[in-house]
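What follows is the content of input_4.csv, which has CSV, C-alpha atoms and all ligand atoms:
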```csv
chain,number,residue,atom,x,y,z
A,1,MET,CA,-9.4,33.4,-0.4
A,2,LYS,CA,-6.2,35.3,0.4
A,3,MET,CA,-2.8,34.4,-0.9
A,4,VAL,CA,0.5,35.1,0.9
A,5,GLU,CA,3.8,34.7,-0.9
A,6,VAL,CA,6.0,33.0,1.6
A,7,ARG,CA,8.8,32.5,-0.9
A,8,PRO,CA,8.7,33.0,-4.7
A,9,GLU,CA,8.1,29.2,-5.0
A,10,LEU,CA,5.8,28.9,-2.0
A,11,HIS,CA,2.4,30.4,-1.4
A,12,LEU,CA,0.1,30.1,1.6
A,13,LEU,CA,-3.6,30.0,0.5
A,14,GLN,CA,-5.9,31.2,3.3
A,15,LEU,CA,-9.2,29.6,2.5
A,16,GLU,CA,-12.7,30.2,3.7
A,17,PHE,CA,-11.9,27.6,6.4
A,18,GLY,CA,-8.4,26.2,6.8
A,19,GLN,CA,-5.4,26.7,4.6
A,20,ALA,CA,-3.2,25.0,2.0
A,21,TYR,CA,0.3,25.5,0.6
A,22,LEU,CA,1.2,25.7,-3.0
A,23,TRP,CA,4.8,24.8,-4.0
A,24,ASN,CA,5.9,25.7,-7.5
A,25,ASP,CA,8.9,23.8,-9.0
A,26,ALA,CA,9.3,25.6,-12.3
A,27,GLY,CA,5.6,25.1,-13.2
A,28,VAL,CA,5.2,21.7,-11.6
A,29,LEU,CA,2.9,22.2,-8.7
A,30,THR,CA,2.5,20.4,-5.4
A,31,LEU,CA,-0.3,21.2,-2.9
A,32,VAL,CA,0.2,20.4,0.8
A,33,ASP,CA,-3.4,20.0,2.1
A,34,THR,CA,-6.5,21.1,0.3
A,35,GLY,CA,-8.9,22.9,2.8
A,36,ILE,CA,-12.5,21.8,3.1
A,37,ALA,CA,-14.8,20.1,0.7
A,38,THR,CA,-15.7,23.4,-1.1
A,39,SER,CA,-12.1,24.7,-1.3
A,40,GLY,CA,-11.3,23.4,-4.8
A,41,GLY,CA,-12.8,26.5,-6.4
A,42,GLU,CA,-10.8,28.8,-4.1
A,43,ILE,CA,-7.6,27.0,-4.9
A,44,ALA,CA,-8.4,27.1,-8.7
A,45,THR,CA,-8.8,30.9,-8.3
A,46,ALA,CA,-5.4,31.1,-6.6
A,47,LEU,CA,-3.8,29.3,-9.5
A,48,GLU,CA,-5.5,31.6,-12.0
A,49,GLU,CA,-4.2,34.7,-10.1
A,50,LEU,CA,-0.7,33.2,-10.3
A,51,GLY,CA,-1.0,32.5,-14.0
A,52,LEU,CA,-1.1,28.8,-13.4
A,53,ARG,CA,-3.5,26.1,-14.6
A,54,ARG,CA,-5.3,23.4,-12.7
A,55,ALA,CA,-3.6,20.8,-14.9
A,56,ASP,CA,-0.2,22.0,-13.6
A,57,VAL,CA,-1.0,20.4,-10.2
A,58,LYS,CA,0.9,17.1,-10.2
A,59,ARG,CA,0.9,16.2,-6.6
A,60,VAL,CA,-1.3,16.6,-3.5
A,61,VAL,CA,0.3,15.7,-0.1
A,62,LEU,CA,-2.2,15.3,2.7
A,63,THR,CA,-0.8,15.8,6.2
A,64,HIS,CA,-3.8,14.0,7.8
A,65,PHE,CA,-7.4,12.9,7.2
A,66,HIS,CA,-9.2,15.9,8.9
A,67,GLU,CA,-11.9,17.4,6.7
A,68,ASP,CA,-10.3,20.9,6.8
A,69,HIS,CA,-7.1,19.4,5.2
A,70,CYS,CA,-8.2,16.7,2.8
A,71,GLY,CA,-11.7,18.1,2.0
A,72,GLY,CA,-10.7,19.5,-1.4
A,73,ALA,CA,-8.6,16.6,-2.4
A,74,ALA,CA,-11.2,14.5,-4.2
A,75,GLU,CA,-12.0,17.4,-6.5
A,76,ILE,CA,-8.4,18.4,-7.1
A,77,ALA,CA,-7.5,14.7,-7.8
A,78,GLY,CA,-9.7,15.0,-10.9
A,79,TRP,CA,-7.9,18.0,-12.4
A,80,GLY,CA,-5.4,16.0,-14.4
A,81,ASP,CA,-2.5,13.8,-13.8
A,82,VAL,CA,-2.4,14.2,-10.0
A,83,THR,CA,-0.8,11.9,-7.5
A,84,VAL,CA,-2.4,11.9,-4.1
A,85,LEU,CA,-0.1,11.0,-1.2
A,86,ALA,CA,-0.8,10.3,2.5
A,87,HIS,CA,0.5,8.2,5.3
A,88,ARG,CA,-0.4,4.5,5.2
A,89,LEU,CA,-2.4,4.8,8.4
A,90,GLU,CA,-4.5,7.7,7.0
A,91,ALA,CA,-5.2,6.2,3.6
A,92,PRO,CA,-8.2,4.0,4.6
A,93,VAL,CA,-9.9,7.0,6.2
A,94,ILE,CA,-9.2,9.3,3.3
A,95,ARG,CA,-10.5,6.7,0.9
A,96,GLY,CA,-13.7,6.4,2.9
A,97,GLU,CA,-13.0,2.7,3.8
A,98,ARG,CA,-12.9,3.4,7.5
A,99,PRO,CA,-14.8,6.0,9.6
A,100,ALA,CA,-12.7,9.0,10.8
A,101,PRO,CA,-12.0,8.5,14.5
A,102,PRO,CA,-13.1,11.6,16.5
A,103,PRO,CA,-10.7,13.7,18.5
A,104,LEU,CA,-10.4,13.1,22.2
A,105,PHE,CA,-11.2,16.6,23.4
A,106,THR,CA,-10.0,18.3,26.5
A,107,ASP,CA,-12.8,20.5,28.1
A,108,GLU,CA,-11.3,23.7,26.7
A,109,GLU,CA,-11.0,22.1,23.2
A,110,ARG,CA,-14.6,21.1,23.1
A,111,ALA,CA,-15.7,24.7,23.6
A,112,LEU,CA,-13.1,25.9,21.1
A,113,HIS,CA,-14.2,23.4,18.5
A,114,ARG,CA,-17.7,24.7,18.8
A,115,SER,CA,-16.7,28.4,18.7
A,116,LEU,CA,-14.7,27.8,15.5
A,117,GLY,CA,-17.7,26.1,13.9
A,118,ALA,CA,-15.5,23.1,13.3
A,119,HIS,CA,-18.5,20.8,14.2
A,120,LEU,CA,-20.3,22.2,11.2
A,121,LEU,CA,-17.7,21.6,8.5
A,122,PRO,CA,-18.8,19.4,5.6
A,123,PRO,CA,-17.3,15.9,5.7
A,124,ALA,CA,-14.4,15.3,3.3
A,125,PRO,CA,-15.6,13.4,0.2
A,126,ALA,CA,-13.7,10.1,-0.2
A,127,CYS,CA,-10.5,10.5,-2.2
A,128,ARG,CA,-8.2,8.0,-3.7
A,129,VAL,CA,-4.7,7.7,-2.3
A,130,ASP,CA,-2.2,6.8,-5.0
A,131,ARG,CA,0.9,6.5,-2.8
A,132,GLU,CA,1.0,5.5,0.8
A,133,LEU,CA,3.8,7.1,2.8
A,134,GLU,CA,6.0,5.9,5.6
A,135,ASP,CA,8.4,7.7,7.9
A,136,GLY,CA,11.6,8.5,6.0
A,137,ASP,CA,10.1,8.4,2.5
A,138,LEU,CA,11.3,11.1,0.1
A,139,ILE,CA,8.9,13.0,-2.1
A,140,ASP,CA,10.3,14.7,-5.2
A,141,PHE,CA,9.5,18.4,-4.8
A,142,GLY,CA,11.3,21.4,-3.4
A,143,GLY,CA,14.7,19.7,-3.8
A,144,GLY,CA,13.4,16.6,-1.8
A,145,ALA,CA,10.8,16.4,0.9
A,146,ARG,CA,11.4,13.9,3.7
A,147,VAL,CA,8.3,12.4,5.3
A,148,ILE,CA,8.3,12.6,9.1
A,149,HIS,CA,5.6,10.4,10.8
A,150,THR,CA,4.2,12.6,13.6
A,151,PRO,CA,1.5,10.5,15.3
A,152,GLY,CA,-0.8,11.9,18.0
A,153,HIS,CA,-2.9,14.5,16.2
A,154,THR,CA,-4.1,11.5,14.2
A,155,ASP,CA,-2.4,8.1,13.9
A,156,GLY,CA,-1.0,8.8,10.4
A,157,SER,CA,-0.2,12.6,10.7
A,158,ILE,CA,2.9,13.6,8.8
A,159,ALA,CA,5.3,16.5,8.6
A,160,LEU,CA,7.5,17.2,5.5
A,161,HIS,CA,11.0,18.4,5.9
A,162,LEU,CA,12.7,20.1,2.9
A,163,PRO,CA,16.3,20.5,4.0
A,164,HIS,CA,17.5,22.1,0.8
A,165,ALA,CA,14.7,24.7,0.9
A,166,GLY,CA,14.9,25.1,4.7
A,167,VAL,CA,11.2,24.5,5.1
A,168,LEU,CA,9.1,22.3,7.4
A,169,PHE,CA,5.4,21.6,6.8
A,170,THR,CA,4.1,20.6,10.2
A,171,GLY,CA,0.5,19.7,9.6
A,172,ASP,CA,-1.6,20.1,12.8
A,173,THR,CA,1.1,19.0,15.2
A,174,VAL,CA,2.1,22.7,15.4
A,175,ALA,CA,-0.2,25.8,15.3
A,176,HIS,CA,0.6,29.5,15.1
A,177,VAL,CA,-2.4,31.5,16.2
A,178,GLY,CA,-2.5,35.1,17.4
A,179,GLY,CA,1.3,35.3,17.2
A,180,GLN,CA,1.6,32.2,19.5
A,181,VAL,CA,3.4,29.0,18.6
A,182,MET,CA,1.6,26.1,20.2
A,183,PRO,CA,1.1,22.3,20.0
A,184,GLY,CA,-2.0,21.4,17.9
A,185,VAL,CA,-5.5,20.9,19.3
A,186,PHE,CA,-8.2,18.3,18.6
A,187,ASN,CA,-5.9,15.3,18.9
A,188,LEU,CA,-6.5,11.6,19.1
A,189,ASP,CA,-3.6,11.2,21.6
A,190,ARG,CA,-2.3,14.5,23.1
A,191,ASP,CA,0.7,12.9,24.8
A,192,GLU,CA,1.8,11.3,21.6
A,193,MET,CA,1.3,14.5,19.7
A,194,LEU,CA,3.5,16.3,22.2
A,195,ARG,CA,6.3,13.7,21.5
A,196,SER,CA,5.9,14.4,17.8
A,197,PHE,CA,6.0,18.2,18.5
A,198,ARG,CA,9.3,17.6,20.2
A,199,ARG,CA,10.7,15.7,17.3
A,200,LEU,CA,9.8,18.5,15.0
A,201,ALA,CA,11.2,21.1,17.4
A,202,GLU,CA,14.6,19.4,17.3
A,203,ILE,CA,14.9,19.9,13.5
A,204,ASP,CA,17.2,22.8,12.7
A,205,VAL,CA,15.0,24.6,10.1
A,206,PRO,CA,14.4,28.3,9.5
A,207,LEU,CA,10.8,28.2,8.4
A,208,ALA,CA,7.8,26.2,9.6
A,209,CYS,CA,4.5,26.2,7.7
A,210,VAL,CA,1.8,25.1,10.0
A,211,GLY,CA,-1.7,23.7,9.6
A,212,HIS,CA,-3.4,26.7,11.0
A,213,GLY,CA,-1.9,30.2,11.1
A,214,GLU,CA,1.0,32.2,9.7
A,215,PRO,CA,4.4,30.5,8.9
A,216,ILE,CA,6.8,30.5,11.8
A,217,LEU,CA,10.1,32.3,11.2
A,218,ASP,CA,13.2,31.1,13.1
A,219,ALA,CA,11.2,28.0,13.5
A,220,HIS,CA,13.7,25.8,15.4
A,221,THR,CA,14.1,28.4,18.2
A,222,ALA,CA,10.4,29.2,18.3
A,223,LEU,CA,9.4,25.6,18.6
A,224,MET,CA,12.1,24.7,21.2
A,225,LYS,CA,10.8,27.6,23.4
A,226,VAL,CA,7.4,26.0,23.6
A,227,LEU,CA,8.9,22.8,25.2
A,301,ZN,ZN,-6.3,18.4,12.1
```

Please re-express this file's structure in structure tokens.
Ligand SMILES: [Zn+2]
Amino acid sequence: MKMVEVRPELHLLQLEFGQAYLWNDAGVLTLVDTGIATSGGEIATALEELGLRRADVKRVVLTHFHEDHCGGAAEIAGWGDVTVLAHRLEAPVIRGERPAPPPLFTDEERALHRSLGAHLLPPAPACRVDRELEDGDLIDFGGGARVIHTPGHTDGSIALHLPHAGVLFTGDTVAHVGGQVMPGVFNLDRDEMLRSFRRLAEIDVPLACVGHGEPILDAHTALMKVL
């Protein structure tokens, strides 16, 4: 696990596989995504290094149901008084009530998926969802986080826009790999994901925190350039 301080109140946790974000509102912690099924221990270590406690985590927001984003959620949900949030359309999959629909791979994506070892990831343990989100909902952290429904990568993928903080959490609709900003891969509906990417690109925000890769500075300009 490697930690990157993005802002004093925002850390990127680079996990064994995947990544998560930790937002600290004066000791009240929000996690955006949770890595894979075994990531709970790594996230606990990150908290310790920051002088925080597992019981300080009050909220887990899941951008979508993929096992490298909600894998750690079931464990973390048991750490204390934690509210788990996800879009209404993702909740049945996260709860284990419905099987996870597989991505519709392009040919290149199929090879990439294998080379990343993504086919070997442990399935996400079922996790309760305490609050089902809709487009436009407001979540009380970082001065107010607006939910943006970004279907395509999965049906209930979401982004979070924090206008006061000037931060956008994109989930897997945007990636930033090898210095390159790009639309996400392994989608259920690539065309719809591209429409969601455009919606995010149009937001005038300085910093985008993506599902895979380093945060994007000057995000609005960087995303618009991809279109
Ligand atoms: Zn994903």

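Taking all atoms listed in the file into account, ligand ZN 301 (chain A) has within 9 Å the residues Thr63, His64, Phe65, His66, Glu67, Asp68, His69, His153, Thr154, Ser157, Gly171, Asp172, Thr173, Gly184, Val185, Phe186, Asn187, Gly211 and His212 of chain A.
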
*Measuring atom to atom with only C-alpha atoms, identify which of A:Leu50, A:Thr38, A:Pro102, A:Asp107 is nearest to Ile76 of chain A.*
A:Thr38

*asked:* Report, in Å with one decimal, the straight-line distance from atom CA of Glu192 of chain A to atom CA of Gly136 of chain A.
replied: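 The value is 18.6 Å.
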
Residue neighbourhood Thr150 of chain A, 12 Å, all atoms listed in the file, exclusion window fewer than 4 positions, as a compact mmCIF listing (two decimals) with C-alpha atoms, keeping the file's coordinate frame:
```
# COMPACT_ATOMS: atom_id res chain seq x y z
CA THR A 63 -0.80 15.80 6.20
CA HIS A 64 -3.80 14.00 7.80
CA HIS A 87 0.50 8.20 5.30
CA LEU A 89 -2.40 4.80 8.40
CA GLU A 90 -4.50 7.70 7.00
CA GLU A 134 6.00 5.90 5.60
CA ASP A 135 8.40 7.70 7.90
CA GLY A 136 11.60 8.50 6.00
CA THR A 154 -4.10 11.50 14.20
CA ASP A 155 -2.40 8.10 13.90
CA GLY A 156 -1.00 8.80 10.40
CA SER A 157 -0.20 12.60 10.70
CA ILE A 158 2.90 13.60 8.80
CA ALA A 159 5.30 16.50 8.60
CA LEU A 160 7.50 17.20 5.50
CA HIS A 161 11.00 18.40 5.90
CA PHE A 169 5.40 21.60 6.80
CA THR A 170 4.10 20.60 10.20
CA GLY A 171 0.50 19.70 9.60
CA ASP A 172 -1.60 20.10 12.80
CA THR A 173 1.10 19.00 15.20
CA VAL A 174 2.10 22.70 15.40
CA GLY A 184 -2.00 21.40 17.90
CA ASN A 187 -5.90 15.30 18.90
CA ASP A 189 -3.60 11.20 21.60
CA ARG A 190 -2.30 14.50 23.10
CA ASP A 191 0.70 12.90 24.80
CA GLU A 192 1.80 11.30 21.60
CA MET A 193 1.30 14.50 19.70
CA LEU A 194 3.50 16.30 22.20
CA ARG A 195 6.30 13.70 21.50
CA SER A 196 5.90 14.40 17.80
CA PHE A 197 6.00 18.20 18.50
CA ARG A 198 9.30 17.60 20.20
CA ARG A 199 10.70 15.70 17.30
CA LEU A 200 9.80 18.50 15.00
CA ALA A 201 11.20 21.10 17.40
```

_Option closest in space to Glu49 of chain A, from A:Asp81, A:Gly72, A:Val177, A:His11 [counting only C-alpha atoms]_ = A:His11

_Please determine, counting all atoms listed in the file, which residue among A:Met1, A:Val210, A:Ile139, A:Leu104 has the shortest atom-to-atom distance to Leu168 of chain A._
A:Val210

*Hey, which of A:Val32, A:Leu138, A:Ala175, A:Leu120 ends up closest to Ala73 of chain A? Count all atoms listed in the file.*
A:Val32

*Skip Ala118 of chain A itself and residues of its chain fewer than 2 positions away, then list as a VMD selection string all residues within 12 Å of it, counting all atoms listed in the file.*
chain A and resid 17 to 18 36 66 to 68 103 109 to 116 120 to 123 185 to 186

*How far is it from atom CA of Arg54 of chain A to atom CA of Gly144 of chain A, in Å with one decimal?*
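The value is 22.7 Å.
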
_Residues within 8 Å of Val4 of chain A, only C-alpha atoms, excluding chain neighbours under 2 positions, as a PyMOL selection string_ = chain A and resi 2+6+11-14

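Restricting the calculation to only C-alpha atoms, the smallest distance between Glu97 of chain A and any of A:Gly178, A:Pro125, A:Pro163, A:Gly80 is found for A:Pro125.
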
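Separating atom CA of Arg146 of chain A from atom CA of Leu207 of chain A is a distance of 15.1 Å.
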
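Counting all atoms listed in the file and comparing A:Arg88, A:Ile148, A:Ala44, A:Thr30, the residue that lies closest to Leu10 of chain A is A:Thr30.
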